[in-house]
Amino acid sequence: MIFRAIIALMLLAALPAVAELPVVDISPGHTKTFLVIHPHHDDHSWVSGQAGLVTKLVDAGWTGYYVRVSNDEKDGPHGYPHDDMVNLFEAREATENLGIKDVISLNWRNDYMDPTPHNEIRAQLILLIRKYRPDLVTSYHPWGHYDRNPDHRKVAKAIGEGVWLAGFANVHPEHRKLGLKPHRVPYKFYSQRFDYGKGYEPNVVVELSESNIRRKARSFWVHRNVRLRGSTGRRMRQLLKDQGLAIPELDGLTDIEAHARMQEWSMYDAARKVGGEHGIEYGEIYAHLGEWHPWPGLRDHIDSNAVDK
Amino acid sequence: MVSSAKVRLVGRVIALLNASDNGFRLLILCVVVCLNAAAQPLPVGDIPAGNRLMIVQAHHDDHTWQWGFGALAARMTDEGYEGIFVRVSNDEKDGDDGDAHNDMVNLRECKAAVAHIGIDTVISLNWRNDYMDPTPLQELQAQLILLIRKHRPDVLMAYDPWGHYDRNPDHRKVSQAVAEAYWMAGYGNVHREHLKLGLKPWRVPHLYYTQRSDYGKGHEPNVAVGHDLSHVRRKADGMIAHRNIYHQPGTARAIRGALREQGLEVPDLAGLSDRDAIDQIEKWYMYWSSERYGRENGLDYAEVFYQRREWDHIPGLSEHIQNNAISR
Amino acid sequence: MNTENMWLAVRAGVCRIVAVLCVASFYFPTLSGTSISPLPEGHVPPGKTLMVIQPHHDDHTWQYGFGGLIAKMTEAGYKGVYVRVSNDEKDGGMQNGWGANDISNYEDTLDATKNLGLGEVISLNWRNDHMSSIPHIELRDQIILLIRKHRPDVVMSYHPWGNYDRNPDHRKVSWAVGSAVWLAGFANVRRDHAKLGLEPYQVPHKYYSHRSDYGRGYHPNIFVELSEDDVARKAKSYRLHKIRVSAGAGKRTRELLDAKGLKIPALDGLSDEQAHERLQEMLMVWISKQRGQENGVPYAEVFYYMDEWHGVPGLSDYIQANVVER
C-alpha cells in the first residue's frame, strides 16, 4: 500500500510535464472594463482567441472596447479607402455581436507598419489605457510566432510595453494635464496562432459554452468583406482536385458556402480540441499575467505566506 | 492546485496497480521514474579562467535582480576578476524627482550598488530611458564593439535577446545590440577604423545570458552556477542600494492594499512600516530566487544562465572536441 | 504451458525489458538522442521551382540546412534560384578591401550553388552586418517582386524566430521573408506589380531552419532523409566558399586547444588550412548523421515546414478529417 502511494505521489509530481492548464475564473465585473487591442478589424474572433473570452466577460457584466490599430485598407477587393470603411463598419457589427460597446480605430497603414514609429503607437495605447483604465487587456502575444503578419508583431510589441508603462507617472507626464492618471493594467491575456510553432506558452484555459462559441463563430462571419469570399473555397477545392481528392460535405455548395462551412467547422474544432486537452468541453488558451506579475516571486511568496485576515 | 482530472488519473493508476502482476508494476514504476527524470537539474558551471568581466544592461539596477547577475559577479570578483558595468540608458524615468535628477541619482546609486558585488567601473551611455525605439541599433552596437575591443573582457553578461521580457523595450533593444556586438567585435572587417585607435578585434570567449524566467519561453538556461550565502547577501545589498526606486513605501502599500482587498495578509510584514516592509520584500526576492534555483540544481544557492563558451561559435565544434581531443 | 500462462509470461518479459530501457535512458540520455521521438518524415513536394533566400553567400549550405534538401530537390527535377540579400563585404580578409570580398564571395556562391544544382544567383547587395537601418518594407517588397516573378513552389529561409541572435542580417532577412511569402499572395499589396504583368502568388511550401544549438526559438516539425551523395554534395558546396576554409581559423582552433593542453589526432600532420577543411567536413557529416540517428535514418536534415494549407488556420485539420479520394 505504501509502495502504491509512493508511485501515486511520484506520478502526481511528474504530471505537470503533460498536464492540463488551470481553468481561469471570470469574476463578475459590473464596474470593470476590458480592452481588446489588435491591428485588424477581424482579429477579435479567430480560432486562437479572443471572442470566447470576450463573451464570457460581457456575460459577467464587464464593459469592453475594441481597438483596431490599422486601417485594414489591404483587406478586401474594393480599393483602399472603401475597404477601410467597410471593414470598420463590419468590425462594429461583429464586436457588437460579442457585446463590445465601441470600436476605436487608430488607422495606421495596414501591412505597412514597419515605418510607423513604435513609440507613437505605444503612446496612443498608453493614452487609451489611462482613459479607459481597463482591468484587463487582451491581445496577441508579443513573442508569438505569427511571423508572416507584420502588423501583429508591431502592435503586440507596443501593447506589451504599453500595459506596463501606462502605470508610470514619468512616462508621458503631460497626460496629467488632461486629467489622466497613471494606470497599471492588472490582468493581461495574450494569445497567438497556435499552429505556428512556439513562441509563447499558454498558462490558463478559459472554459467556453456552446453559446460562447456560437457567438464567436458568428462574429467571424459578420466580416463578409473578407470572410465570405469564394476565392479561398475555390482554391481549396482546386488544390484537392489536383491531388484527386474531395470533401463530400462540400458537394453542391457554392465556393463561398464551402469556405463558410470549413471556417465554422474549424472554430468549433479548435475550441473542442483545446477543451479536450484540458478536461472541459470547449476552451481558449492564453498566457495570463496577473496582478502580482510585475514583482518577480511575489506570487510564490503570497501563495506560501498569505493567510486569511 | 491539483485538478480533478489528475486525481482521477492517479486513482486509475492505483486501481491498475492493485490488479496487476509484479512485471506490470515494475513497468509502471519505471515509467513514473522516467517522467520524474524529465525534470533533471542543469549541469553545474565553473567560473571560467579569465581576468575581466563586463555586464551590459539597459538600467542602473539590472546588474542585480532575481534572475542574475549579482551572485555570479560577486563570485567572479572574489576569484580575482575585475568588473565593468555598462549602463546603456539614462534611467530618467526611474524615480520621482524629474528626468535629469533621476538620471543623476540613479547613476550615483549604481556605482555604490555594484561596489557590493566587486565591480568598480561604471560606464553610462545615456540613451533615453523607455524611449529607445528610435535609437539607431547600429550606433548602439558600434559603441559596444568599441567598449569590447577596449576592455577585452573574458566574460560578457547581458539579457537574452530572445528573452520574453517583452514589456521593457530597453531590454530588448540593448540585448539585441549586445548579441551582435559580442560577435562582431571579433571581426577585423567590422569598424576597421578602430585599428587606428590601437584597438584590435576581440572575440569574447564566454557569454552568460539571463532573462526574467517567469515570463514564459524565449530563453532556456543551460547551466547553473552555485554560490554561497555571502554572495546572496551581497546580491541583496546591491539591489537595495538603489534607494531611489526600491525603497518606496508606496509599493509596499499597494501590495498590502491588494492583499487586503482579497482578505489576505502576510504575517512577516505585520507591524512593519511600509518602508521596512518593502525592504523585507525586496530582500526576500533575492533569497527566494537563489534558493529556488539551488534547490532545482542540487546546490544550496544558484543562478541559472544560457552560457556560450569559447568553442560554441562553430556548430558542433564543442562536441567534436569533447569526443576527440586528447591531452598532449 | 497453457495460452493464458504463456500470455502472462510474455507480458511480464516485455514489461521487464521496457522497464530496463526506461531506466537505461534515464542514466544514458544519448540512447534517446536529443529529441524524445522522431519527427514525421517530409518528402519532396510536387513542384518545379525552388527559391532559397538568405543574407549571405554561404547560407544555402551549413550544418543545419539547406544543402542536403536542395540537392534532393534538384535531383528530383526542381530548378532553383539563390537570393543573396547582402553584399558579404565583411566576410573575408582585410587586405583587399570590402569590394574584393563582395566579388570573391559572389563568385564562390556561383560555384557552390551550381554544385547543388541551382541555376541562378540573384544578389540584392544590401550592406553586410549593417542591415538594421535598411527599411524593412523595401527589402520585403524586393522579395515580393522576386516571388511574383519566379513563382517558386518552395521557399527556404532562416526561421524568423530562430534564436540565432548574434547575426543581425539573419534576423532582418528572415523577418522580411516571413512576411513576403504571405503578402505576395495578396493583390492589394504592391498593386503596381500588376502593371509589370506580375500576378499575386502564394508560395505553397515553406521550409524554415535555424542553428539549433542556439537555444529555443523554433521547433522543427519534419525530417528529410538524405543520401550519402546528398551529404557529400552539401559538404563540398560549403568548402567551395574559400573563406570557410582558412588557415587562420585552423591555426586559431589549434592554438586554443594547445593552450588547454589538448589536440585532435585526426588533424595531426595537416597544414592549418587542411586541418580547418577536415574539421568543417567532419562537422557537416556529424550533424547530418546526428539528425539521421534521431529520426531512424542514416542522414537527415530537419526543418519547420509549412505546407500549402497552412495559410488558413484549421484548414489542414479539416481536410485531414474530411477528405476522400475521388
# chains A, B, ... in the order shown; residues from 1 in each chain; ligands from 1

$ interface_residues --of "chain C" --to "chain A" --cutoff "7 Å" --atoms "only C-alpha atoms" --output "short mmCIF file (atom, residue, chain, number, x, y, z; two decimals) with C-alpha atoms, in the first residue's frame"
data_model
loop_
_atom_site.label_atom_id
_atom_site.label_comp_id
_atom_site.auth_asym_id
_atom_site.auth_seq_id
_atom_site.Cartn_x
_atom_site.Cartn_y
_atom_site.Cartn_z
CA HIS C 136 12.18 46.56 -43.77
CA ILE C 137 9.40 47.38 -46.22
CA PRO C 160 12.07 34.39 -38.43
CA TRP C 161 12.04 33.46 -34.77
CA GLY C 178 8.33 35.57 -43.33
CA SER C 179 6.09 38.48 -44.34
CA TRP C 182 2.47 35.51 -47.39
CA ASN C 188 -3.80 44.65 -52.69
CA VAL C 189 -0.13 44.53 -51.70
CA GLY C 217 13.05 29.87 -31.00
CA TYR C 218 11.71 27.27 -33.32
CA HIS C 219 10.97 23.59 -33.27
CA GLY C 314 -7.61 24.82 -39.22
CA TYR C 318 -10.37 19.99 -41.71
CA ASN C 322 -12.92 15.02 -44.15
CA VAL C 323 -11.07 14.35 -47.38
CA VAL C 324 -11.71 11.24 -49.55
CA GLU C 325 -10.30 10.11 -52.85
CA ARG C 326 -12.43 10.74 -55.88
#

$ residues_around --residues "stretch 57-73 of chain B" --least-positions-apart "6" --cutoff "6 Å" --atoms "only C-alpha atoms" --output "list in words"
Arg87, Val88, Ser89, Cys110, Ala158, Asp170, His171, Arg212, His231, Val232, Lys235, Met239, Met286 and Ser289 of chain B

$ closest_residue --among "B:Tyr81, B:Tyr285, B:Trp311, B:Tyr209" --to "chain A" --atoms "only C-alpha atoms"
B:Tyr285

$ select_by_dssp --residues "stretch 71-303 of chain C" --states "strand (DSSP E or B)" --output "ChimeraX atom specification"
/C:79-86,120-126,154-158,205-209,222-226,262-263,299-303

$ residues_around --residues "C:Gln202" --least-positions-apart "6" --cutoff "12 Å" --atoms "only C-alpha atoms" --output "ChimeraX atom specification"
/A:232,235 /C:144,147-155,179-187,307-311

$ write_last_selection --atoms "N, CA and C atoms" --output "short mmCIF file (atom, residue, chain, number, x, y, z; two decimals), in the first residue's frame"
data_model
loop_
_atom_site.label_atom_id
_atom_site.label_comp_id
_atom_site.auth_asym_id
_atom_site.auth_seq_id
_atom_site.Cartn_x
_atom_site.Cartn_y
_atom_site.Cartn_z
N THR A 232 -11.06 31.54 -51.56
CA THR A 232 -10.42 30.54 -50.70
C THR A 232 -11.05 29.17 -50.91
N ARG A 235 -9.96 27.86 -54.26
CA ARG A 235 -8.56 27.42 -54.29
C ARG A 235 -8.40 26.09 -53.58
N ILE C 144 8.96 40.24 -52.44
CA ILE C 144 7.63 40.01 -53.03
C ILE C 144 7.74 40.03 -54.55
N ILE C 147 9.32 36.83 -55.76
CA ILE C 147 8.40 35.70 -55.63
C ILE C 147 7.36 35.74 -56.75
N ARG C 148 6.83 36.92 -57.04
CA ARG C 148 5.82 37.01 -58.10
C ARG C 148 6.43 36.75 -59.48
N LYS C 149 7.70 37.07 -59.60
CA LYS C 149 8.36 36.86 -60.91
C LYS C 149 8.68 35.37 -61.12
N HIS C 150 9.28 34.73 -60.12
CA HIS C 150 9.74 33.35 -60.28
C HIS C 150 8.69 32.31 -59.89
N ARG C 151 7.66 32.72 -59.13
CA ARG C 151 6.58 31.83 -58.72
C ARG C 151 7.09 30.47 -58.20
N PRO C 152 7.95 30.51 -57.15
CA PRO C 152 8.52 29.26 -56.65
C PRO C 152 7.46 28.41 -55.94
N ASP C 153 7.58 27.09 -56.11
CA ASP C 153 6.72 26.17 -55.35
C ASP C 153 7.25 26.01 -53.93
N VAL C 154 8.54 26.24 -53.78
CA VAL C 154 9.20 26.06 -52.47
C VAL C 154 10.06 27.28 -52.18
N VAL C 155 9.96 27.77 -50.95
CA VAL C 155 10.91 28.80 -50.49
C VAL C 155 11.60 28.27 -49.24
N SER C 179 7.23 37.66 -43.90
CA SER C 179 6.09 38.48 -44.34
C SER C 179 5.87 38.34 -45.84
N ALA C 180 6.95 38.34 -46.61
CA ALA C 180 6.82 38.38 -48.07
C ALA C 180 6.16 37.13 -48.65
N VAL C 181 6.51 35.95 -48.09
CA VAL C 181 5.94 34.71 -48.68
C VAL C 181 4.42 34.71 -48.54
N TRP C 182 3.91 35.45 -47.60
CA TRP C 182 2.47 35.51 -47.39
C TRP C 182 1.85 36.67 -48.15
N LEU C 183 2.46 37.84 -48.05
CA LEU C 183 1.87 39.03 -48.66
C LEU C 183 1.94 38.99 -50.18
N ALA C 184 2.87 38.22 -50.74
CA ALA C 184 2.97 38.12 -52.20
C ALA C 184 1.68 37.55 -52.80
N GLY C 185 0.86 36.91 -51.97
CA GLY C 185 -0.39 36.34 -52.47
C GLY C 185 -1.56 37.31 -52.47
N PHE C 186 -1.34 38.52 -51.99
CA PHE C 186 -2.45 39.47 -51.90
C PHE C 186 -2.37 40.52 -52.99
N ALA C 187 -3.44 40.62 -53.78
CA ALA C 187 -3.47 41.57 -54.89
C ALA C 187 -3.33 43.02 -54.41
N ASP C 307 2.99 23.84 -45.08
CA ASP C 307 2.50 23.35 -46.37
C ASP C 307 1.49 24.29 -47.01
N GLU C 308 0.92 23.81 -48.12
CA GLU C 308 0.06 24.71 -48.90
C GLU C 308 -1.25 25.07 -48.19
N TRP C 309 -1.61 24.28 -47.17
CA TRP C 309 -2.85 24.57 -46.46
C TRP C 309 -2.62 25.49 -45.27
N HIS C 310 -1.38 25.80 -45.01
CA HIS C 310 -1.05 26.47 -43.75
C HIS C 310 -1.61 27.87 -43.64
N GLY C 311 -1.92 28.45 -44.81
CA GLY C 311 -2.36 29.84 -44.82
C GLY C 311 -3.65 30.08 -44.06
#

$ residues_around --residues "A:Met85" --least-positions-apart "6" --cutoff "10 Å" --atoms "only C-alpha atoms" --output "ChimeraX atom specification"
/A:71-73,91

$ write_last_selection --atoms "C-alpha atoms" --output "CSV table (one decimal), in the first residue's frame"
chain,number,residue,atom,x,y,z
A,71,ASN,CA,-6.9,50.9,-41.4
A,72,ASP,CA,-7.4,47.5,-43.0
A,73,GLU,CA,-7.0,49.1,-46.4
A,91,ALA,CA,-15.9,45.4,-37.1
